[in-house]
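Pasted below: structure_6.txt, compact mmCIF, C-alpha atoms.
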# COMPACT_ATOMS: atom_id res chain seq x y z
CA MET A 1 -14.79 -25.95 -14.74
CA ALA A 2 -12.17 -23.35 -15.66
CA VAL A 3 -9.05 -23.66 -13.51
CA THR A 4 -5.84 -22.51 -15.21
CA VAL A 5 -2.40 -23.13 -13.71
CA ILE A 6 0.60 -21.04 -14.78
CA VAL A 7 4.00 -22.66 -14.23
CA GLY A 8 7.51 -21.55 -15.18
CA ALA A 9 8.95 -24.06 -17.63
CA GLN A 10 12.62 -23.23 -17.07
CA TRP A 11 14.59 -21.73 -14.15
CA GLY A 12 12.30 -18.79 -13.47
CA ASP A 13 12.05 -15.21 -14.77
CA GLU A 14 10.03 -16.38 -17.78
CA ALA A 15 7.52 -13.48 -17.48
CA LYS A 16 4.87 -15.56 -15.73
CA GLY A 17 3.63 -12.33 -14.17
CA LYS A 18 2.76 -10.89 -17.55
CA ILE A 19 0.81 -14.01 -18.55
CA ALA A 20 -1.05 -14.05 -15.21
CA ASP A 21 -1.82 -10.34 -15.59
CA LEU A 22 -3.08 -10.98 -19.12
CA LEU A 23 -5.49 -13.68 -17.93
CA SER A 24 -6.54 -11.97 -14.70
CA GLY A 25 -8.95 -9.59 -16.41
CA GLN A 26 -11.35 -12.48 -17.06
CA ALA A 27 -10.69 -14.29 -13.78
CA GLU A 28 -12.90 -14.39 -10.72
CA ILE A 29 -9.86 -15.40 -8.63
CA VAL A 30 -6.09 -15.24 -9.06
CA ALA A 31 -4.18 -17.23 -6.44
CA ARG A 32 -0.57 -17.93 -5.45
CA PHE A 33 0.19 -21.44 -4.20
CA ASN A 34 3.92 -21.55 -3.35
CA GLY A 35 7.10 -19.63 -2.65
CA GLY A 36 7.77 -16.35 -0.92
CA ASP A 37 9.40 -12.99 -1.54
CA ASN A 38 12.57 -14.56 -2.93
CA ALA A 39 11.34 -14.12 -6.50
CA GLY A 40 9.56 -11.22 -8.12
CA HIS A 41 7.72 -10.31 -11.25
CA THR A 42 7.22 -7.06 -13.13
CA VAL A 43 3.75 -6.11 -14.35
CA MET A 44 3.15 -3.20 -16.70
CA ASN A 45 -0.42 -2.01 -17.26
CA GLU A 46 -2.52 1.16 -17.38
CA TYR A 47 -1.87 1.82 -13.70
CA GLY A 48 1.91 1.83 -14.09
CA THR A 49 4.83 -0.53 -13.53
CA PHE A 50 4.68 -2.85 -10.54
CA LYS A 51 7.53 -4.99 -9.20
CA VAL A 52 5.96 -7.35 -6.72
CA ARG A 53 7.10 -10.49 -4.92
CA LEU A 54 4.07 -11.77 -3.03
CA THR A 55 0.87 -10.13 -4.25
CA PRO A 56 -1.13 -12.23 -6.76
CA ASN A 57 -1.30 -10.68 -10.21
CA GLY A 58 -5.03 -10.03 -10.20
CA PHE A 59 -4.51 -6.89 -8.14
CA SER A 60 -5.00 -4.57 -11.14
CA SER A 61 -8.37 -6.09 -12.12
CA PRO A 62 -10.99 -4.41 -9.87
CA ASP A 63 -13.35 -7.39 -9.68
CA THR A 64 -10.72 -10.10 -9.19
CA ILE A 65 -10.18 -11.74 -5.79
CA CYS A 66 -6.50 -12.21 -4.92
CA ILE A 67 -5.54 -15.18 -2.76
CA MET A 68 -2.30 -16.16 -1.08
CA GLY A 69 -2.73 -19.84 -0.28
CA PRO A 70 -1.25 -21.75 2.66
CA GLY A 71 1.68 -22.91 0.52
CA VAL A 72 3.04 -19.35 0.42
CA VAL A 73 5.51 -18.17 3.07
CA VAL A 74 5.01 -14.52 4.02
CA ASN A 75 7.47 -11.79 4.83
CA LEU A 76 5.10 -9.28 6.44
CA GLU A 77 7.32 -6.28 5.77
CA THR A 78 7.45 -7.07 2.05
CA LEU A 79 3.72 -7.74 1.83
CA ILE A 80 2.69 -4.55 3.62
CA GLY A 81 5.00 -2.52 1.40
CA GLU A 82 3.42 -4.02 -1.73
CA ILE A 83 -0.13 -3.46 -0.53
CA GLU A 84 0.58 0.17 0.30
CA PHE A 85 2.32 0.83 -3.02
CA ILE A 86 -0.48 -0.79 -5.05
CA GLU A 87 -3.13 1.20 -3.21
CA SER A 88 -1.10 4.40 -3.66
CA GLN A 89 -1.60 3.91 -7.40
CA GLY A 90 -5.36 4.13 -6.99
CA ILE A 91 -6.11 0.41 -6.78
CA ASP A 92 -8.39 -0.92 -4.04
CA LEU A 93 -6.74 -4.18 -2.99
CA ARG A 94 -7.49 -4.84 0.69
CA SER A 95 -11.16 -5.65 0.15
CA ARG A 96 -10.17 -8.31 -2.42
CA LEU A 97 -7.10 -9.80 -0.75
CA TRP A 98 -7.27 -13.12 1.14
CA ILE A 99 -4.24 -14.43 3.02
CA SER A 100 -4.49 -17.91 4.48
CA PRO A 101 -3.86 -18.06 8.25
CA ARG A 102 -1.98 -21.30 7.47
CA CYS A 103 0.80 -19.31 5.75
CA HIS A 104 4.13 -19.62 7.52
CA LEU A 105 6.03 -16.44 8.37
CA VAL A 106 9.55 -15.48 7.39
CA MET A 107 11.03 -14.44 10.73
CA PRO A 108 14.12 -12.22 11.24
CA TYR A 109 16.31 -15.23 12.02
CA HIS A 110 15.57 -17.02 8.74
CA PRO A 111 17.69 -14.81 6.43
CA LEU A 112 20.49 -14.82 9.02
CA LEU A 113 20.53 -18.62 9.10
CA GLU A 114 20.49 -18.82 5.32
CA GLY A 115 23.49 -16.50 5.23
CA ILE A 116 25.33 -18.78 7.67
CA TYR A 117 24.65 -21.81 5.48
CA GLU A 118 25.75 -20.06 2.29
CA ASN A 119 28.93 -18.65 3.81
CA ALA A 120 29.86 -22.02 5.30
CA LYS A 121 29.59 -23.67 1.87
CA GLY A 122 32.10 -21.29 0.29
CA ASP A 123 32.55 -22.09 -3.41
CA ALA A 124 29.90 -24.81 -3.09
CA ARG A 125 27.21 -22.29 -2.06
CA THR A 126 23.78 -22.67 -3.61
CA GLY A 127 23.49 -19.04 -4.68
CA THR A 128 20.26 -18.27 -2.85
CA THR A 129 18.64 -14.82 -2.64
CA ARG A 130 19.25 -14.91 1.15
CA ARG A 131 15.61 -14.13 1.82
CA GLY A 132 15.38 -17.04 4.27
CA MET A 133 13.39 -19.47 2.14
CA GLY A 134 15.34 -22.63 2.99
CA PRO A 135 15.21 -22.07 6.77
CA VAL A 136 11.53 -21.06 6.83
CA TYR A 137 10.48 -24.15 4.89
CA ALA A 138 12.83 -26.27 7.05
CA ASP A 139 11.08 -24.92 10.14
CA LYS A 140 7.73 -25.75 8.55
CA VAL A 141 8.53 -29.41 7.99
CA SER A 142 10.35 -29.80 11.32
CA TYR A 143 7.37 -28.46 13.31
CA ASN A 144 9.18 -25.27 14.26
CA GLY A 145 7.28 -22.87 12.04
CA ILE A 146 5.30 -19.82 13.09
CA ARG A 147 2.11 -19.22 11.11
CA LEU A 148 -0.14 -16.22 10.70
CA ALA A 149 -2.72 -18.07 12.80
CA ASP A 150 -0.31 -17.99 15.73
CA LEU A 151 -0.28 -14.19 15.75
CA ALA A 152 -4.04 -14.18 16.40
CA ASP A 153 -3.23 -15.24 19.97
CA GLU A 154 -0.48 -13.14 21.58
CA LYS A 155 0.29 -15.74 24.25
CA VAL A 156 0.69 -18.52 21.67
CA PHE A 157 2.93 -16.35 19.51
CA ALA A 158 5.09 -15.21 22.43
CA GLU A 159 5.69 -18.78 23.59
CA LYS A 160 6.51 -20.07 20.09
CA LEU A 161 8.86 -17.17 19.53
CA ARG A 162 10.58 -17.84 22.86
CA ILE A 163 11.19 -21.46 21.90
CA GLN A 164 12.57 -20.59 18.46
CA LEU A 165 14.97 -17.98 19.79
CA ALA A 166 16.17 -20.49 22.37
CA ILE A 167 17.14 -22.66 19.38
CA LYS A 168 18.31 -20.03 16.92
CA ASN A 169 20.20 -17.57 19.12
CA PRO A 170 22.92 -20.06 20.15
CA ILE A 171 23.51 -20.76 16.43
CA LEU A 172 23.81 -17.06 15.66
CA GLU A 173 26.13 -16.57 18.62
CA ALA A 174 28.34 -19.44 17.52
CA PHE A 175 28.89 -17.65 14.19
CA ASP A 176 29.54 -14.25 15.83
CA ILE A 177 26.19 -12.81 14.74
CA GLN A 178 24.24 -10.56 17.08
CA THR A 179 21.50 -12.52 18.83
CA LEU A 180 17.87 -11.47 18.48
CA ASP A 181 15.64 -9.92 21.12
CA ALA A 182 12.28 -11.61 21.67
CA GLU A 183 10.47 -8.50 22.85
CA ALA A 184 11.60 -6.44 19.86
CA ILE A 185 10.52 -9.12 17.37
CA PHE A 186 7.22 -9.66 19.17
CA THR A 187 6.40 -5.95 19.05
CA GLU A 188 7.40 -5.64 15.39
CA LYS A 189 5.44 -8.66 14.18
CA MET A 190 2.30 -7.86 16.17
CA GLY A 191 2.38 -4.32 14.77
CA GLN A 192 2.65 -5.70 11.23
CA TYR A 193 -0.06 -8.29 11.83
CA VAL A 194 -2.56 -5.62 12.91
CA ARG A 195 -2.06 -3.89 9.56
CA ILE A 196 -3.10 -6.96 7.52
CA GLN A 197 -5.32 -8.74 10.06
CA ALA A 198 -8.52 -8.03 8.13
CA GLN A 199 -7.10 -9.84 5.10
CA VAL A 200 -6.13 -12.98 7.05
CA ARG A 201 -8.95 -15.39 6.22
CA GLU A 202 -9.01 -18.96 4.96
CA SER A 203 -9.65 -19.16 1.22
CA PHE A 204 -10.56 -22.85 0.85
CA GLY A 205 -14.30 -22.20 0.97
CA ILE A 206 -14.35 -19.35 -1.53
CA LEU A 207 -12.20 -21.37 -3.94
CA GLN A 208 -14.41 -24.43 -3.73
CA GLU A 209 -17.50 -22.29 -4.23
CA ALA A 210 -15.99 -20.68 -7.34
CA ILE A 211 -15.03 -24.10 -8.73
CA ALA A 212 -18.59 -25.39 -8.16
CA LYS A 213 -19.95 -22.39 -10.08
CA ASP A 214 -17.47 -22.90 -12.94
CA LYS A 215 -15.84 -19.51 -12.40
CA GLU A 216 -12.56 -18.58 -14.07
CA ILE A 217 -9.65 -19.22 -11.67
CA VAL A 218 -5.99 -18.54 -12.42
CA LEU A 219 -3.37 -20.21 -10.22
CA GLU A 220 0.03 -18.56 -10.30
CA GLY A 221 3.16 -20.51 -9.46
CA ALA A 222 6.34 -18.87 -8.19
CA GLN A 223 9.84 -19.76 -9.42
CA ALA A 224 9.79 -22.57 -12.01
CA ALA A 225 9.75 -26.31 -12.58
CA LEU A 226 13.54 -26.71 -12.80
CA LEU A 227 13.84 -25.10 -9.36
CA ASP A 228 11.55 -27.67 -7.78
CA ASN A 229 12.98 -29.16 -4.59
CA THR A 230 12.62 -32.70 -5.93
CA TRP A 231 12.76 -32.51 -9.73
CA GLY A 232 14.94 -29.44 -10.12
CA THR A 233 18.72 -29.21 -10.19
CA TYR A 234 19.13 -29.99 -6.47
CA PRO A 235 20.68 -28.43 -4.43
CA TYR A 236 20.56 -25.44 -6.80
CA CYS A 237 16.83 -25.10 -6.39
CA THR A 238 14.19 -23.50 -4.21
CA ALA A 239 12.66 -24.81 -0.99
CA SER A 240 9.09 -25.32 -2.19
CA THR A 241 7.20 -27.45 -4.69
CA THR A 242 7.01 -25.45 -7.90
CA LEU A 243 5.07 -27.91 -10.06
CA ALA A 244 1.46 -27.75 -11.19
CA GLY A 245 0.67 -30.56 -8.75
CA GLY A 246 1.60 -28.18 -5.92
CA VAL A 247 -1.83 -26.55 -6.16
CA SER A 248 -3.24 -29.35 -4.04
CA ALA A 249 -1.00 -28.77 -1.02
CA GLY A 250 -0.61 -25.05 -1.64
CA LEU A 251 -4.26 -24.11 -2.21
CA GLY A 252 -6.44 -27.12 -1.54
CA ILE A 253 -7.42 -27.66 -5.18
CA ALA A 254 -7.41 -31.21 -6.51
CA PRO A 255 -5.06 -31.69 -9.50
CA ALA A 256 -7.87 -33.24 -11.57
CA LEU A 257 -9.66 -29.89 -11.56
CA CYS A 258 -6.83 -28.16 -13.41
CA ARG A 259 -7.76 -28.62 -17.05
CA ARG A 260 -5.48 -25.90 -18.48
CA VAL A 261 -1.80 -25.87 -17.53
CA ILE A 262 0.25 -23.14 -19.21
CA GLY A 263 4.00 -23.56 -19.25
CA VAL A 264 5.72 -20.20 -19.60
CA ALA A 265 9.11 -20.31 -21.32
CA LYS A 266 11.42 -17.68 -22.70
CA ALA A 267 12.44 -17.99 -26.33
CA TYR A 268 15.93 -18.55 -24.91
CA THR A 269 17.19 -19.71 -21.48
CA THR A 270 18.21 -17.77 -18.37
CA ARG A 271 19.19 -18.58 -14.84
CA VAL A 272 20.12 -16.59 -11.73
CA GLY A 273 22.65 -17.89 -9.24
CA MET A 274 24.56 -21.15 -9.15
CA GLY A 275 23.81 -24.45 -10.85
CA PRO A 276 24.10 -25.93 -14.33
CA ILE A 277 22.79 -24.29 -17.50
CA PRO A 278 24.04 -26.42 -20.42
CA THR A 279 23.40 -23.84 -23.16
CA GLU A 280 25.00 -20.88 -21.33
CA LEU A 281 26.71 -18.40 -23.66
CA PHE A 282 29.83 -16.37 -22.96
CA ASP A 283 30.10 -14.74 -26.38
CA SER A 284 28.53 -11.83 -28.24
CA ASP A 285 25.24 -13.73 -28.67
CA GLY A 286 25.01 -14.12 -24.90
CA LYS A 287 25.61 -10.39 -24.49
CA VAL A 288 22.77 -9.65 -26.92
CA LEU A 289 20.40 -11.81 -24.88
CA LEU A 290 21.50 -10.15 -21.62
CA GLU A 291 21.23 -6.57 -22.83
CA GLN A 292 18.30 -6.81 -25.22
CA GLY A 293 16.38 -8.92 -22.72
CA HIS A 294 17.24 -6.62 -19.77
CA GLU A 295 18.15 -9.76 -17.89
CA TYR A 296 18.62 -8.53 -14.35
CA GLY A 297 16.84 -10.09 -11.37
CA THR A 298 13.73 -8.31 -10.03
CA VAL A 299 14.65 -9.14 -6.43
CA THR A 300 18.46 -9.30 -6.49
CA GLY A 301 19.39 -7.07 -9.42
CA ARG A 302 21.95 -9.72 -10.41
CA PRO A 303 22.63 -10.22 -14.13
CA ARG A 304 21.08 -13.45 -15.33
CA ARG A 305 23.08 -16.11 -17.09
CA CYS A 306 21.83 -16.47 -20.67
CA GLY A 307 21.85 -19.27 -23.22
CA TRP A 308 20.04 -20.74 -26.18
CA PHE A 309 16.59 -22.30 -25.81
CA ASP A 310 16.88 -25.82 -24.36
CA ALA A 311 14.09 -27.91 -25.83
CA ASP A 312 15.16 -31.00 -23.90
CA LEU A 313 14.61 -29.22 -20.58
CA VAL A 314 11.24 -27.78 -21.58
CA ARG A 315 10.04 -31.09 -22.99
CA PHE A 316 10.84 -32.62 -19.59
CA THR A 317 8.96 -29.94 -17.64
CA ALA A 318 6.04 -30.23 -20.06
CA GLN A 319 5.74 -33.94 -19.30
CA LEU A 320 6.25 -33.38 -15.57
CA ASN A 321 3.51 -30.75 -15.30
CA GLY A 322 1.16 -31.87 -18.03
CA PHE A 323 1.37 -28.62 -19.98
CA THR A 324 -1.59 -28.19 -22.28
CA GLU A 325 0.07 -25.21 -23.98
CA LEU A 326 3.11 -22.97 -23.94
CA ALA A 327 3.39 -19.23 -23.59
CA LEU A 328 6.65 -18.30 -25.33
CA THR A 329 7.94 -14.95 -24.12
CA LYS A 330 10.61 -12.45 -25.22
CA LEU A 331 10.65 -13.61 -28.83
CA ASP A 332 11.62 -10.05 -29.76
CA VAL A 333 14.97 -10.41 -27.95
CA LEU A 334 16.08 -12.71 -30.79
CA ASP A 335 15.19 -10.17 -33.50
CA SER A 336 18.74 -9.07 -34.33
CA LEU A 337 20.42 -12.48 -34.43
CA PRO A 338 21.35 -13.92 -37.85
CA ARG A 339 21.42 -17.53 -36.61
CA ILE A 340 19.64 -19.09 -33.63
CA LYS A 341 20.39 -22.39 -31.95
CA VAL A 342 18.08 -24.78 -30.10
CA CYS A 343 19.38 -27.55 -27.82
CA ILE A 344 17.82 -30.93 -28.61
CA GLY A 345 19.72 -33.08 -26.08
CA TYR A 346 23.20 -33.69 -24.64
CA ARG A 347 26.38 -35.60 -24.98
CA ALA A 348 26.82 -37.07 -21.54
CA PRO A 349 30.26 -37.23 -19.89
CA ASP A 350 32.38 -39.95 -21.54
CA GLN A 351 29.63 -40.64 -24.07
CA ALA A 352 30.89 -41.86 -27.44
CA GLU A 353 29.91 -40.24 -30.72
CA GLY A 354 26.93 -41.89 -32.40
CA GLN A 355 25.21 -42.91 -29.17
CA GLU A 356 21.66 -41.77 -28.46
CA LEU A 357 21.46 -38.28 -26.97
CA ALA A 358 21.17 -37.99 -23.21
CA HIS A 359 18.32 -36.19 -21.45
CA TYR A 360 17.95 -33.99 -18.37
CA TRP A 361 16.16 -36.60 -16.25
CA GLN A 362 18.99 -39.14 -16.55
CA GLY A 363 21.34 -37.47 -14.07
CA ASP A 364 21.85 -34.97 -11.27
CA ALA A 365 23.06 -31.37 -11.29
CA HIS A 366 26.75 -32.37 -11.24
CA TRP A 367 26.19 -34.69 -14.21
CA LEU A 368 24.23 -32.06 -16.15
CA ASP A 369 26.98 -29.50 -15.58
CA ARG A 370 29.40 -31.80 -17.42
CA CYS A 371 27.05 -32.52 -20.33
CA GLN A 372 27.59 -30.86 -23.70
CA PRO A 373 24.56 -29.49 -25.56
CA VAL A 374 23.72 -30.71 -29.05
CA TYR A 375 22.13 -28.05 -31.23
CA GLU A 376 19.93 -27.52 -34.20
CA GLU A 377 20.64 -24.25 -35.96
CA LEU A 378 17.82 -22.16 -37.39
CA PRO A 379 17.85 -18.98 -39.48
CA GLY A 380 17.21 -15.71 -37.71
CA TRP A 381 14.79 -13.10 -39.08
CA GLN A 382 16.65 -9.87 -38.33
CA GLN A 383 13.46 -7.85 -38.36
CA PRO A 384 11.65 -6.18 -35.44
CA THR A 385 8.65 -8.06 -34.05
CA THR A 386 7.63 -5.71 -31.23
CA ASP A 387 4.78 -4.10 -33.20
CA VAL A 388 3.38 -7.35 -34.62
CA HIS A 389 -0.07 -8.36 -33.35
CA TYR A 390 -0.91 -11.39 -35.51
CA PHE A 391 1.06 -14.58 -36.01
CA HIS A 392 0.82 -14.53 -39.82
CA GLU A 393 2.44 -11.07 -39.81
CA LEU A 394 5.63 -12.37 -38.17
CA PRO A 395 8.66 -12.93 -40.41
CA ALA A 396 8.62 -16.43 -41.89
CA ALA A 397 11.75 -17.42 -39.97
CA ALA A 398 10.17 -16.30 -36.68
CA GLN A 399 7.09 -18.39 -37.44
CA GLY A 400 9.37 -21.31 -38.27
CA TYR A 401 11.21 -20.91 -34.96
CA VAL A 402 7.95 -21.05 -32.99
CA ARG A 403 6.74 -24.11 -34.88
CA ARG A 404 10.06 -25.88 -34.34
CA VAL A 405 9.85 -25.20 -30.60
CA GLU A 406 6.36 -26.73 -30.60
CA ALA A 407 7.60 -29.85 -32.39
CA LEU A 408 10.62 -30.36 -30.12
CA VAL A 409 8.73 -29.76 -26.87
CA GLY A 410 5.62 -31.66 -27.93
CA VAL A 411 3.24 -28.91 -26.76
CA PRO A 412 1.55 -26.21 -28.86
CA VAL A 413 2.53 -22.58 -28.40
CA ARG A 414 -0.68 -20.61 -27.87
CA ILE A 415 0.67 -17.27 -26.57
CA LEU A 416 3.64 -15.26 -27.84
CA SER A 417 5.05 -12.21 -26.07
CA VAL A 418 7.03 -9.71 -28.15
CA GLY A 419 7.58 -6.98 -25.55
CA PRO A 420 6.91 -6.01 -21.93
CA GLU A 421 3.61 -4.16 -22.47
CA ARG A 422 0.32 -5.92 -21.86
CA ASP A 423 -0.77 -5.54 -25.50
CA GLN A 424 2.48 -6.91 -26.95
CA VAL A 425 0.98 -10.38 -27.15
CA ILE A 426 0.17 -12.62 -30.10
CA LEU A 427 -2.35 -15.46 -29.93
CA VAL A 428 -0.99 -18.35 -31.97
CA PRO A 429 -3.35 -20.44 -34.11
CA PRO A 430 -2.94 -24.22 -34.33
CA ALA A 431 -0.29 -25.37 -36.79

What's the structure tokens form of this structure?
Amino acid sequence: MAVTVIVGAQWGDEAKGKIADLLSGQAEIVARFNGGDNAGHTVMNEYGTFKVRLTPNGFSSPDTICIMGPGVVVNLETLIGEIEFIESQGIDLRSRLWISPRCHLVMPYHPLLEGIYENAKGDARTGTTRRGMGPVYADKVSYNGIRLADLADEKVFAEKLRIQLAIKNPILEAFDIQTLDAEAIFTEKMGQYVRIQAQVRESFGILQEAIAKDKEIVLEGAQAALLDNTWGTYPYCTASTTLAGGVSAGLGIAPALCRRVIGVAKAYTTRVGMGPIPTELFDSDGKVLLEQGHEYGTVTGRPRRCGWFDADLVRFTAQLNGFTELALTKLDVLDSLPRIKVCIGYRAPDQAEGQELAHYWQGDAHWLDRCQPVYEELPGWQQPTTDVHYFHELPAAAQGYVRRVEALVGVPVRILSVGPERDQVILVPPA
């Protein structure tokens, strides 16, 4: 059996899309199992540059089936826009796209409610993308969600919409926000549904059949492990389960079937929005990472916060997800730096010198924000790596950096990315 799961090992934006695109050429199926259009990825291949938020990465491989599992929440406007753009580039997608009817829908009131919550929190806001993820997942677990399956029956959809607006409109009104019109939303959503109706079909059977035939399957996670609703830096996290184990609820695939779990990590650390990032830099090194890494959010355009690689965090997510290997991306961003630091643990608040280093899992987000990183310092290589195709051709210091990451995380690096293009990848041999 050949099921591969791709999971972000940090706080997202690790270039998971590139790794999924790389593996999709040999895959029978590429499937998404969580999240919504609150996070995006950029894919560069022979067809052009694609910035997508919902569409599985197999779209550019003509024989690959693309599946959006029931764990994904769907903004129909976003999805239709992506499908139309992809097909405008000469790619036939609709015949290969499966969208589970169990997917919950992002409705117009969800972003409005998220905005209310964020504004009410003031300085304590979570820093969400305001795409409505928290409210749509809250509706899901409180039995107030509207699913694609509901739109198959106009009477069912109309009644569910009526009930939700009876709940949501008084909240909007209380915060001086224009209330929503049921007829207008009904007409809009039914018009959107008709445009993707042929792709709404349950994928459980086709996945199980592919597993039984030992076909190559790539499962693509959105966001990243440290944004998980339980194990991430709550409340500065996302609304869904972002771990490898989420494939069971999000796609109907048993965890035991996932024999290859790739953790994707940048060669440094970034984060968008609020929440702790112990290794964050505010100096010239941080500016190098921001500018050389083009660290601006695909969805929000916000500059990402940048810091040194945090091996303690990635070791934790490796254990949590059962990573069998790492894909280390954006190594080239470090090319100009004379010295490079790696965090190996923390000094906890009020911790005395000489005590054992603290670890991520020992506290909450507030505690982590007050921890001080402890570093190892490694020599930089100050040579370009973007044209290197074999590991042994990398500068010795760059090879040493990769091997040190492997040792600190406890997982072998098997894929290195040294640029945004599909062919700027190095396969790493065992140490």

Nearby residues (only C-alpha atoms) at most 10 Å from Gln89 (chain A), same-chain spacing under 2 positions excluded, as a PyMOL selection string: chain A and resi 47-50+60+84-87+91-92

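Taking only C-alpha atoms into account, Gly40 (chain A) lies nearest to A:Thr55 out of the set A:Asn75, A:Thr55, A:Gln372, A:Asn119.
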
Once 6 Å is added on each side, what centre and edge lengths in Å to one decimal does the axis-aligned box around all listed atoms of region 172-185 of chain A have, as JSON?
{"center_x": 20.0, "center_y": -12.9, "center_z": 18.5, "size_x": 31.1, "size_y": 25.0, "size_z": 20.7}

Excluding region 222-231 of chain A and any residue of its chain fewer than 6 positions from it, enumerate the residues within 10 Å of it, using all atoms listed in the file, and give them as a compact mmCIF listing (two decimals) with C-alpha atoms, keeping the file's coordinate frame.
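Written file, out-v6.txt:
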# COMPACT_ATOMS: atom_id res chain seq x y z
CA ILE A 6 0.60 -21.04 -14.78
CA VAL A 7 4.00 -22.66 -14.23
CA GLY A 8 7.51 -21.55 -15.18
CA ALA A 9 8.95 -24.06 -17.63
CA GLN A 10 12.62 -23.23 -17.07
CA TRP A 11 14.59 -21.73 -14.15
CA GLY A 12 12.30 -18.79 -13.47
CA ASP A 13 12.05 -15.21 -14.77
CA GLU A 14 10.03 -16.38 -17.78
CA LYS A 16 4.87 -15.56 -15.73
CA GLY A 17 3.63 -12.33 -14.17
CA ARG A 32 -0.57 -17.93 -5.45
CA PHE A 33 0.19 -21.44 -4.20
CA ASN A 34 3.92 -21.55 -3.35
CA GLY A 35 7.10 -19.63 -2.65
CA GLY A 36 7.77 -16.35 -0.92
CA ASP A 37 9.40 -12.99 -1.54
CA ASN A 38 12.57 -14.56 -2.93
CA ALA A 39 11.34 -14.12 -6.50
CA GLY A 40 9.56 -11.22 -8.12
CA HIS A 41 7.72 -10.31 -11.25
CA ARG A 53 7.10 -10.49 -4.92
CA LEU A 54 4.07 -11.77 -3.03
CA VAL A 72 3.04 -19.35 0.42
CA CYS A 237 16.83 -25.10 -6.39
CA THR A 238 14.19 -23.50 -4.21
CA ALA A 239 12.66 -24.81 -0.99
CA SER A 240 9.09 -25.32 -2.19
CA THR A 241 7.20 -27.45 -4.69
CA THR A 242 7.01 -25.45 -7.90
CA LEU A 243 5.07 -27.91 -10.06
CA ALA A 244 1.46 -27.75 -11.19
CA GLY A 263 4.00 -23.56 -19.25
CA VAL A 264 5.72 -20.20 -19.60
CA ALA A 265 9.11 -20.31 -21.32
CA LEU A 313 14.61 -29.22 -20.58
CA VAL A 314 11.24 -27.78 -21.58
CA PHE A 316 10.84 -32.62 -19.59
CA THR A 317 8.96 -29.94 -17.64
CA ALA A 318 6.04 -30.23 -20.06
CA LEU A 320 6.25 -33.38 -15.57
CA ASN A 321 3.51 -30.75 -15.30
CA TRP A 361 16.16 -36.60 -16.25
CA ASP A 364 21.85 -34.97 -11.27

Distance criterion (all atoms listed in the file): nearest to Gly293 (chain A) out of A:Asp332, A:Glu118, A:Asp310, A:Asp423: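 When distances to Gly293 (chain A) are compared using all atoms listed in the file, the smallest one comes from A:Asp332.
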
Would you compute the distance between CA of Ile83 (chain A) and CA of Ser24 (chain A)? Give it in Å to one decimal.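 Separation between CA of Ile83 (chain A) and CA of Ser24 (chain A): 17.7 Å.
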
Do you have the CA of Pro170 (chain A)-CA of Asn144 (chain A) distance handy?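 Separating CA of Pro170 (chain A) from CA of Asn144 (chain A) is a distance of 15.8 Å.
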
So that I can check the surroundings of region 199-203 of chain A, please list as a list in words every protein, DNA and RNA residue that reaches within 10 Å of it, counting only C-alpha atoms and ignoring chain neighbours fewer than 4 positions away.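 Using only C-alpha atoms, the neighbours found are Ala31, Cys66, Ile67, Met68, Gly69, Pro70, Leu93, Arg94, Ser95, Arg96, Leu97, Trp98, Ile99, Ser100, Pro101, Arg102, Cys103, Leu148, Ala149, Ala152, Tyr193, Val194, Arg195, Leu207, Gln208, Leu251 and Gly252 of chain A.
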
Take CA of Leu416 (chain A) and CA of Arg404 (chain A) and report the distance between them in Å, one decimal. 14.0 Å

List as a list in words: which residues have an atom within 10 Å of (-0.3, -12.8, -21.2), counting only C-alpha atoms?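 The answer, in the requested form, is Ala15, Lys16, Gly17, Lys18, Ile19, Ala20, Asp21, Leu22, Leu23, Ser24, Val264, Ala327, Leu328, Thr329, Ile415, Leu416, Ser417, Pro420, Glu421, Arg422, Asp423, Gln424, Val425, Ile426 and Leu427 of chain A.
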
When you look at Gly115 (chain A) with a cut-off of 9 Å (counting all atoms listed in the file), what residues show up, excluding the ones that are within fewer than 6 positions of it in the same chain? I need them as a ChimeraX atom specification. /A:128,130-132

For a quick check of understanding, using only C-alpha atoms, which of A:Ile171, A:Ala2, A:Leu331, A:Ile29 has the smallest distance to Glu220 (chain A)?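 Ranking A:Ile171, A:Ala2, A:Leu331, A:Ile29 by distance to Glu220 (chain A), first place goes to A:Ile29.
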
Neighbouring residues of Ala348 (chain A) were defined as those with any atom within 10 Å, considering only C-alpha atoms; residues of the same chain fewer than 6 positions away were excluded. Please report them as number ranges by chain. A: 355-360, 362-363, 367-373

Nearest candidate to Ala396 (chain A) (options A:Pro379, A:Pro255, A:Pro235, A:Gly58; using all atoms listed in the file):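 Comparing A:Pro379, A:Pro255, A:Pro235, A:Gly58 against Ala396 (chain A), the winner is A:Pro379.
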
What residues have an atom no more than 7 Å from (20.5, -19.9, 11.3) in the file's own frame, counting all atoms listed in the file, and can you write them as a PyMOL selection string? chain A and resi 109-110+112-114+116+168+171-172
